[in-house]
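Just below is one structure, and these are the notes that go with it.
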Amino acid sequence: MNGTVVRLTYRALLGGRRAWLLLLMSVVLLAMAVLLRLTVGVDHQVTADFLGAVSVAALVPLFGLIVGTGVIGPEIDDGSIVYLLSKPISRPRIILSKLAVAATGTVLFAAVPTFVAGLVMSGTADRIALGFGVAALVASVAYSAIFLLLSVVTRHAVVYGLAYALIWEGLLGSFVPGARTLSVQQWSLSLTEAITTRDLVSSDVRLAVAGVLLAVVIVGATWYAGQRLRVLSLAGEE
Amino acid sequence: MSPSVLSVDTVSRWYGNVVAVNDVTMTIGPGITGLLGPNGAGKSTLIGMLAGFLAPSAGSVTLDGVTVWKNPDVYRTIGLVPEREAAYDFLTGWQFVLANAELHGLSDPGAAAKRALATVEMEFAQGRKVGEYSKGMRQRVKMASALVHDPAVLLLDEPFNGMDPRQRLHLMDLLRQMGADGRTVLFSSHILEEVEQLAQQIEVMVAGRHAASGDFREIRRLMTDRPHQYVIRSSDDRGLASALIADGSTAGVQLDDSVLSVEAVSFLRFTELLPRVARDAGIRLYEVSPTDESLESVFSYLVKS
């Protein structure tokens, strides 16, 4: 990793209005959790359904998309990436630094609020909060790596990222069971299933398979992003 | 600092069916080289390849014999001033140059940043954000970021674009100093006068091709010593036509609808000849206007020659 790349990325990512937008969405999640706790009381199934549908299925991929593409996409678009690339730093190191910022951001804004929302709704009972917190954390890293790679590969990373999150994981997953095997959401839910002590969540993917696939995706996407950054063409303005 | 040489060897670059750079060979050594050509001539594409940000579709680009593409180590030797404006607008000038020094892994980035900002005389504004800079200040801070590691090679893509005359002079002085220090400085421009004032060596690009190469006198001669078209109105067009055709410096004279068109072979001789001939023949000149003086026509002439 490179400290200067991390610092520049962090400032570019969270310097503007984006940080407030992300924070607002985290606060909304927590507010909804408090509201449910006050209106429904303690109902572990409600907690599991809420965190599964709102947090793991929507908030985490959305944050992964915003942050994962945000750490490098704008720099490639406006050309300022040239100041990083015209330095004797290995490209994989630049990617690792970017991933560190993206993953930390997604964990802070999506995974931590998920864990806290779990605590608010169910306390520490049956390790529900912990189960969803860990799932959100691992999914945050995986989405960050995937969307970071997408940003290096294509200028339309946000569009493709949304298509993946909405169409593949959302729609196709509900109709085509096979698609669920290749879904970050299902992999992370299998962690939740393994951690929670009550039968509230069921994932279509076995824990071992999910663990291997998550590792392959995180490592593979990061490695390939480094390779693609090595051959990134920066054309002039002619 | 040991002198560095950039070599472009039979390099082409195409985007799909469009050829941006076509079979270019040139060597850029210490001193100031100007890359001259109209917009869209392939200058930026060539600089992109020299800077290692574009792969040549054919041929090779090397720095002191080492391939530039996919070789981040060359950036220890190369300093790059890109044409694009974007440069971490949220940082102050100082933070921006310091970050560049740190990214180079310099042992004392603070001292390097200080020196670079002093070189471009930007200390007075180093506390302000880059986003608030004028175009000229931005160009200078970009220059400081490129100089921070004291590179032997400096590549500048259209560095004078949008600068006012004072900033232009200042940057020219700075580049002259860099060239005098033995650095290899290459800058691109579409303005002949800019290149002529600054560069010892000029490389002309037109429509992706390497159209001409030489020192500025040679290029100036190529550009002026070519057939020039003029339209002339005078008190006696027919008399003037016959007097002009008698001299060898005109290649052709045409007279229709009382418009006299003359094609001059030698620019310098013709400019001396015309007033003399007119005076001797007692003819009054009302109008002498060149018909092909646009830069593009000069460039396209160079391609044909």
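For the structure tokens, the naming scheme is as follows: chains receive sequential letters (A, B, ...) according to their order of presentation, residues are indexed from 1 within each chain, and ligands are indexed from 1 in presentation order.
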
| message | With DSSP run on the backbone, what are the alpha helix (DSSP H) residues within stretch 209-286 of chain B? I'd like them as a PyMOL selection string. | response | chain B and resi 216-224+237-245+267-280

Would you write out those residues with N, CA and C atoms, as an mmCIF file, in the first residue's frame?
```cif
data_model
loop_
_atom_site.group_PDB
_atom_site.id
_atom_site.type_symbol
_atom_site.label_atom_id
_atom_site.label_comp_id
_atom_site.auth_asym_id
_atom_site.auth_seq_id
_atom_site.Cartn_x
_atom_site.Cartn_y
_atom_site.Cartn_z
ATOM 1 N N PHE B 216 14.843 25.728 -36.397
ATOM 2 C CA PHE B 216 13.738 26.609 -36.782
ATOM 3 C C PHE B 216 13.999 27.325 -38.109
ATOM 4 N N ARG B 217 15.279 27.551 -38.454
ATOM 5 C CA ARG B 217 15.552 28.229 -39.730
ATOM 6 C C ARG B 217 15.106 27.351 -40.895
ATOM 7 N N GLU B 218 15.440 26.064 -40.747
ATOM 8 C CA GLU B 218 15.084 25.118 -41.802
ATOM 9 C C GLU B 218 13.563 25.041 -41.983
ATOM 10 N N ILE B 219 12.866 24.966 -40.832
ATOM 11 C CA ILE B 219 11.412 24.851 -40.890
ATOM 12 C C ILE B 219 10.817 26.142 -41.446
ATOM 13 N N ARG B 220 11.360 27.286 -41.008
ATOM 14 C CA ARG B 220 10.875 28.576 -41.477
ATOM 15 C C ARG B 220 11.058 28.677 -42.998
ATOM 16 N N ARG B 221 12.207 28.204 -43.455
ATOM 17 C CA ARG B 221 12.462 28.259 -44.892
ATOM 18 C C ARG B 221 11.462 27.365 -45.636
ATOM 19 N N LEU B 222 11.252 26.153 -45.099
ATOM 20 C CA LEU B 222 10.283 25.242 -45.723
ATOM 21 C C LEU B 222 8.895 25.880 -45.777
ATOM 22 N N MET B 223 8.588 26.633 -44.703
ATOM 23 C CA MET B 223 7.244 27.182 -44.623
ATOM 24 C C MET B 223 7.077 28.433 -45.472
ATOM 25 N N THR B 224 8.162 29.185 -45.674
ATOM 26 C CA THR B 224 8.021 30.417 -46.450
ATOM 27 C C THR B 224 8.399 30.196 -47.907
ATOM 28 N N ASP B 237 -4.111 45.770 -64.135
ATOM 29 C CA ASP B 237 -3.860 44.360 -63.867
ATOM 30 C C ASP B 237 -3.124 43.684 -65.017
ATOM 31 N N ARG B 238 -3.539 44.007 -66.255
ATOM 32 C CA ARG B 238 -2.955 43.349 -67.434
ATOM 33 C C ARG B 238 -1.475 43.713 -67.582
ATOM 34 N N GLY B 239 -1.161 44.984 -67.386
ATOM 35 C CA GLY B 239 0.227 45.437 -67.474
ATOM 36 C C GLY B 239 1.085 44.804 -66.390
ATOM 37 N N LEU B 240 0.514 44.717 -65.180
ATOM 38 C CA LEU B 240 1.244 44.125 -64.059
ATOM 39 C C LEU B 240 1.501 42.649 -64.326
ATOM 40 N N ALA B 241 0.479 41.967 -64.873
ATOM 41 C CA ALA B 241 0.609 40.536 -65.171
ATOM 42 C C ALA B 241 1.768 40.283 -66.120
ATOM 43 N N SER B 242 1.859 41.083 -67.155
ATOM 44 C CA SER B 242 2.927 40.841 -68.129
ATOM 45 C C SER B 242 4.293 41.163 -67.542
ATOM 46 N N ALA B 243 4.357 42.179 -66.667
ATOM 47 C CA ALA B 243 5.637 42.510 -66.050
ATOM 48 C C ALA B 243 6.070 41.413 -65.076
ATOM 49 N N LEU B 244 5.089 40.838 -64.376
ATOM 50 C CA LEU B 244 5.419 39.809 -63.382
ATOM 51 C C LEU B 244 5.881 38.515 -64.038
ATOM 52 N N ILE B 245 5.208 38.174 -65.145
ATOM 53 C CA ILE B 245 5.503 36.877 -65.780
ATOM 54 C C ILE B 245 6.921 36.883 -66.348
ATOM 55 N N PHE B 267 8.928 33.205 -51.890
ATOM 56 C CA PHE B 267 8.218 34.202 -51.096
ATOM 57 C C PHE B 267 9.046 35.494 -50.979
ATOM 58 N N LEU B 268 10.330 35.324 -50.606
ATOM 59 C CA LEU B 268 11.153 36.502 -50.346
ATOM 60 C C LEU B 268 11.378 37.316 -51.623
ATOM 61 N N ARG B 269 11.705 36.609 -52.699
ATOM 62 C CA ARG B 269 11.956 37.339 -53.945
ATOM 63 C C ARG B 269 10.706 38.040 -54.432
ATOM 64 N N PHE B 270 9.567 37.363 -54.284
ATOM 65 C CA PHE B 270 8.321 37.951 -54.776
ATOM 66 C C PHE B 270 7.946 39.212 -53.999
ATOM 67 N N THR B 271 8.171 39.179 -52.675
ATOM 68 C CA THR B 271 7.821 40.356 -51.874
ATOM 69 C C THR B 271 8.689 41.555 -52.251
ATOM 70 N N GLU B 272 9.896 41.296 -52.743
ATOM 71 C CA GLU B 272 10.732 42.407 -53.212
ATOM 72 C C GLU B 272 10.338 42.834 -54.627
ATOM 73 N N LEU B 273 10.002 41.827 -55.420
ATOM 74 C CA LEU B 273 9.764 42.069 -56.841
ATOM 75 C C LEU B 273 8.502 42.902 -57.101
ATOM 76 N N LEU B 274 7.413 42.491 -56.428
ATOM 77 C CA LEU B 274 6.114 43.075 -56.749
ATOM 78 C C LEU B 274 6.096 44.610 -56.662
ATOM 79 N N PRO B 275 6.521 45.209 -55.512
ATOM 80 C CA PRO B 275 6.483 46.676 -55.457
ATOM 81 C C PRO B 275 7.412 47.335 -56.494
ATOM 82 N N ARG B 276 8.543 46.689 -56.752
ATOM 83 C CA ARG B 276 9.505 47.265 -57.697
ATOM 84 C C ARG B 276 8.922 47.280 -59.111
ATOM 85 N N VAL B 277 8.382 46.126 -59.510
ATOM 86 C CA VAL B 277 7.796 46.015 -60.847
ATOM 87 C C VAL B 277 6.663 47.013 -61.025
ATOM 88 N N ALA B 278 5.818 47.111 -59.981
ATOM 89 C CA ALA B 278 4.673 48.020 -60.062
ATOM 90 C C ALA B 278 5.145 49.467 -60.203
ATOM 91 N N ARG B 279 6.167 49.810 -59.419
ATOM 92 C CA ARG B 279 6.654 51.184 -59.458
ATOM 93 C C ARG B 279 7.254 51.505 -60.838
ATOM 94 N N ASP B 280 8.110 50.552 -61.346
ATOM 95 C CA ASP B 280 8.753 50.774 -62.640
ATOM 96 C C ASP B 280 7.738 50.931 -63.767
#
```

| task | Write out as a PyMOL selection string every residue belonging to chain B that has an atom at most 9 Å from any atom of chain A, counting only C-alpha atoms. | result | chain B and resi 39-45+47-48+51-55+69-76+78-80+82-88+90-91+99-100+102-105+145-146+157

Keeping only N, CA and C atoms, take the residues you just selected and write them out as a short mmCIF file (atom, residue, chain, number, x, y, z; two decimals), in the first residue's frame.
```cif
data_model
loop_
_atom_site.label_atom_id
_atom_site.label_comp_id
_atom_site.auth_asym_id
_atom_site.auth_seq_id
_atom_site.Cartn_x
_atom_site.Cartn_y
_atom_site.Cartn_z
N ASN B 39 -4.20 21.25 -34.71
CA ASN B 39 -4.99 20.40 -33.82
C ASN B 39 -5.40 19.13 -34.55
N GLY B 40 -5.33 18.02 -33.86
CA GLY B 40 -5.71 16.76 -34.47
C GLY B 40 -4.61 16.12 -35.28
N ALA B 41 -3.38 16.65 -35.20
CA ALA B 41 -2.27 16.12 -36.00
C ALA B 41 -1.67 14.85 -35.39
N GLY B 42 -2.04 14.55 -34.13
CA GLY B 42 -1.48 13.37 -33.48
C GLY B 42 -0.41 13.72 -32.46
N LYS B 43 -0.28 15.01 -32.14
CA LYS B 43 0.75 15.42 -31.18
C LYS B 43 0.50 14.81 -29.79
N SER B 44 -0.75 14.93 -29.32
CA SER B 44 -1.06 14.41 -27.99
C SER B 44 -0.91 12.90 -27.94
N THR B 45 -1.30 12.24 -29.03
CA THR B 45 -1.15 10.79 -29.08
C THR B 45 0.32 10.41 -28.99
N ILE B 47 2.77 12.25 -27.66
CA ILE B 47 3.25 12.54 -26.30
C ILE B 47 2.73 11.47 -25.33
N GLY B 48 1.48 11.02 -25.54
CA GLY B 48 0.95 9.94 -24.71
C GLY B 48 1.81 8.69 -24.79
N ALA B 51 5.11 9.28 -23.05
CA ALA B 51 4.97 9.30 -21.61
C ALA B 51 4.57 7.94 -21.04
N GLY B 52 4.38 6.95 -21.93
CA GLY B 52 4.04 5.61 -21.45
C GLY B 52 2.58 5.43 -21.10
N PHE B 53 1.71 6.28 -21.62
CA PHE B 53 0.29 6.15 -21.32
C PHE B 53 -0.54 5.61 -22.47
N LEU B 54 0.13 5.29 -23.54
CA LEU B 54 -0.54 4.70 -24.70
C LEU B 54 0.44 3.69 -25.29
N ALA B 55 -0.07 2.54 -25.65
CA ALA B 55 0.80 1.55 -26.30
C ALA B 55 0.87 1.87 -27.77
N TRP B 69 6.59 1.83 -22.43
CA TRP B 69 5.26 1.26 -22.15
C TRP B 69 5.34 0.18 -21.07
N LYS B 70 4.43 0.24 -20.12
CA LYS B 70 4.33 -0.71 -19.00
C LYS B 70 5.60 -0.76 -18.17
N ASN B 71 6.26 0.40 -18.04
CA ASN B 71 7.50 0.43 -17.28
C ASN B 71 7.52 1.65 -16.36
N PRO B 72 6.86 1.54 -15.19
CA PRO B 72 6.75 2.70 -14.29
C PRO B 72 8.10 3.27 -13.84
N ASP B 73 9.16 2.48 -13.96
CA ASP B 73 10.47 2.98 -13.53
C ASP B 73 10.94 4.18 -14.35
N VAL B 74 10.41 4.32 -15.59
CA VAL B 74 10.85 5.46 -16.41
C VAL B 74 10.46 6.79 -15.79
N TYR B 75 9.48 6.77 -14.87
CA TYR B 75 9.03 8.03 -14.30
C TYR B 75 10.01 8.62 -13.29
N ARG B 76 11.08 7.86 -12.98
CA ARG B 76 12.18 8.46 -12.21
C ARG B 76 12.92 9.47 -13.08
N ILE B 78 11.36 10.79 -16.17
CA ILE B 78 10.44 11.63 -16.94
C ILE B 78 9.58 12.50 -16.01
N GLY B 79 9.44 13.75 -16.36
CA GLY B 79 8.47 14.62 -15.71
C GLY B 79 7.42 14.98 -16.75
N LEU B 80 6.15 14.90 -16.39
CA LEU B 80 5.09 15.08 -17.38
C LEU B 80 4.16 16.22 -16.97
N PRO B 82 0.69 17.29 -18.19
CA PRO B 82 -0.40 16.92 -19.11
C PRO B 82 -1.19 18.15 -19.55
N GLU B 83 -1.92 17.98 -20.66
CA GLU B 83 -2.71 19.10 -21.16
C GLU B 83 -3.96 19.29 -20.30
N ARG B 84 -4.51 18.19 -19.83
CA ARG B 84 -5.78 18.28 -19.11
C ARG B 84 -5.63 19.06 -17.81
N GLU B 85 -6.70 19.72 -17.47
CA GLU B 85 -6.68 20.66 -16.35
C GLU B 85 -6.75 19.99 -14.99
N ALA B 86 -7.52 18.89 -14.92
CA ALA B 86 -7.85 18.31 -13.62
C ALA B 86 -6.59 17.97 -12.83
N ALA B 87 -6.52 18.43 -11.59
CA ALA B 87 -5.35 18.15 -10.77
C ALA B 87 -5.69 18.25 -9.29
N TYR B 88 -6.51 17.36 -8.78
CA TYR B 88 -6.83 17.32 -7.35
C TYR B 88 -7.13 18.73 -6.81
N PHE B 90 -9.01 19.88 -4.73
CA PHE B 90 -9.29 20.08 -3.30
C PHE B 90 -8.01 20.27 -2.48
N LEU B 91 -6.85 20.03 -3.12
CA LEU B 91 -5.58 20.21 -2.40
C LEU B 91 -5.08 21.64 -2.59
N ALA B 99 2.50 15.99 -2.39
CA ALA B 99 1.99 14.63 -2.67
C ALA B 99 2.75 14.02 -3.84
N ASN B 100 3.01 14.82 -4.86
CA ASN B 100 3.77 14.32 -6.02
C ASN B 100 5.18 13.90 -5.60
N GLU B 102 6.07 12.89 -2.62
CA GLU B 102 5.95 11.66 -1.82
C GLU B 102 5.73 10.45 -2.72
N LEU B 103 4.89 10.65 -3.75
CA LEU B 103 4.61 9.53 -4.66
C LEU B 103 5.87 9.08 -5.39
N HIS B 104 6.82 10.01 -5.56
CA HIS B 104 8.08 9.63 -6.18
C HIS B 104 8.99 8.91 -5.20
N GLY B 105 8.59 8.87 -3.93
CA GLY B 105 9.40 8.21 -2.92
C GLY B 105 10.70 8.95 -2.63
N SER B 145 4.92 20.14 -10.12
CA SER B 145 4.73 18.72 -9.81
C SER B 145 5.57 17.84 -10.73
N ALA B 146 5.80 18.32 -11.97
CA ALA B 146 6.60 17.54 -12.91
C ALA B 146 8.09 17.67 -12.63
N ASP B 157 2.48 18.88 -22.80
CA ASP B 157 1.48 18.83 -23.86
C ASP B 157 0.74 20.18 -23.90
#
```

| message | If we count only C-alpha atoms and set the cut-off at 7 Å, which residues sit around B:Ser289, ignoring sequence neighbours fewer than 4 positions away in its own chain? Please answer as a PyMOL selection string. | response | chain B and resi 230-232

| Which polymer residues have any atom within 12 Å of an atom of A:Val217, counting only C-alpha atoms, with same-chain residues fewer than 4 positions away left out, as a list of chain:residue names? | A:Val138, A:Ala139, A:Val141, A:Ala142, A:Tyr143, A:Ser144, A:Ala145, A:Ile146, A:Phe147, A:Leu149, A:Leu182, A:Ser183, A:Val184, A:Trp187, A:Ala210, A:Gly211, A:Val212, A:Leu213, A:Ala221, A:Thr222, A:Trp223, A:Tyr224, A:Ala225

| field | Shell around B:Leu35 at 12 Å using only C-alpha atoms, local window under 2 positions removed, as a PyMOL selection string | value | chain B and resi 26-28+32-33+37-39+41-47+155-159+185-192+194-196+198-206+209-216+219

| Hey, what does DSSP flag as strand (DSSP E or B) within stretch 22-258 of chain B? Can you give it to me as a PyMOL selection string? | chain B and resi 22-28+31-36+58-63+66-67+78-81+92+129+153-156+184-189+201-206+209-215+228-234+250-256

| message | Need the shell around stretch 120-134 of chain A: protein/DNA/RNA residues with any atom at most 10 Å away, counting only C-alpha atoms. Skip same-chain ones fewer than 3 positions apart. Format as a PyMOL selection string? | response | chain A and resi 30-38+40-48+50-52+55-56+107+110-117+137-140+188-201

| field | Residue contacts of B:Leu169 (10 Å, only C-alpha atoms) excluding same-chain residues fewer than 6 positions away, as a list in words | value |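 So, after excluding close chain neighbours, the residues are Phe160, Met163 and Leu175 of chain B.
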
Residue subset to file, keeping C-alpha atoms, as an mmCIF file, in the first residue's frame:
```
data_model
loop_
_atom_site.group_PDB
_atom_site.id
_atom_site.type_symbol
_atom_site.label_atom_id
_atom_site.label_comp_id
_atom_site.auth_asym_id
_atom_site.auth_seq_id
_atom_site.Cartn_x
_atom_site.Cartn_y
_atom_site.Cartn_z
ATOM 1 C CA PHE B 160 0.997 27.578 -23.430
ATOM 2 C CA MET B 163 -1.784 31.533 -20.857
ATOM 3 C CA LEU B 175 11.895 26.013 -20.226
#
```
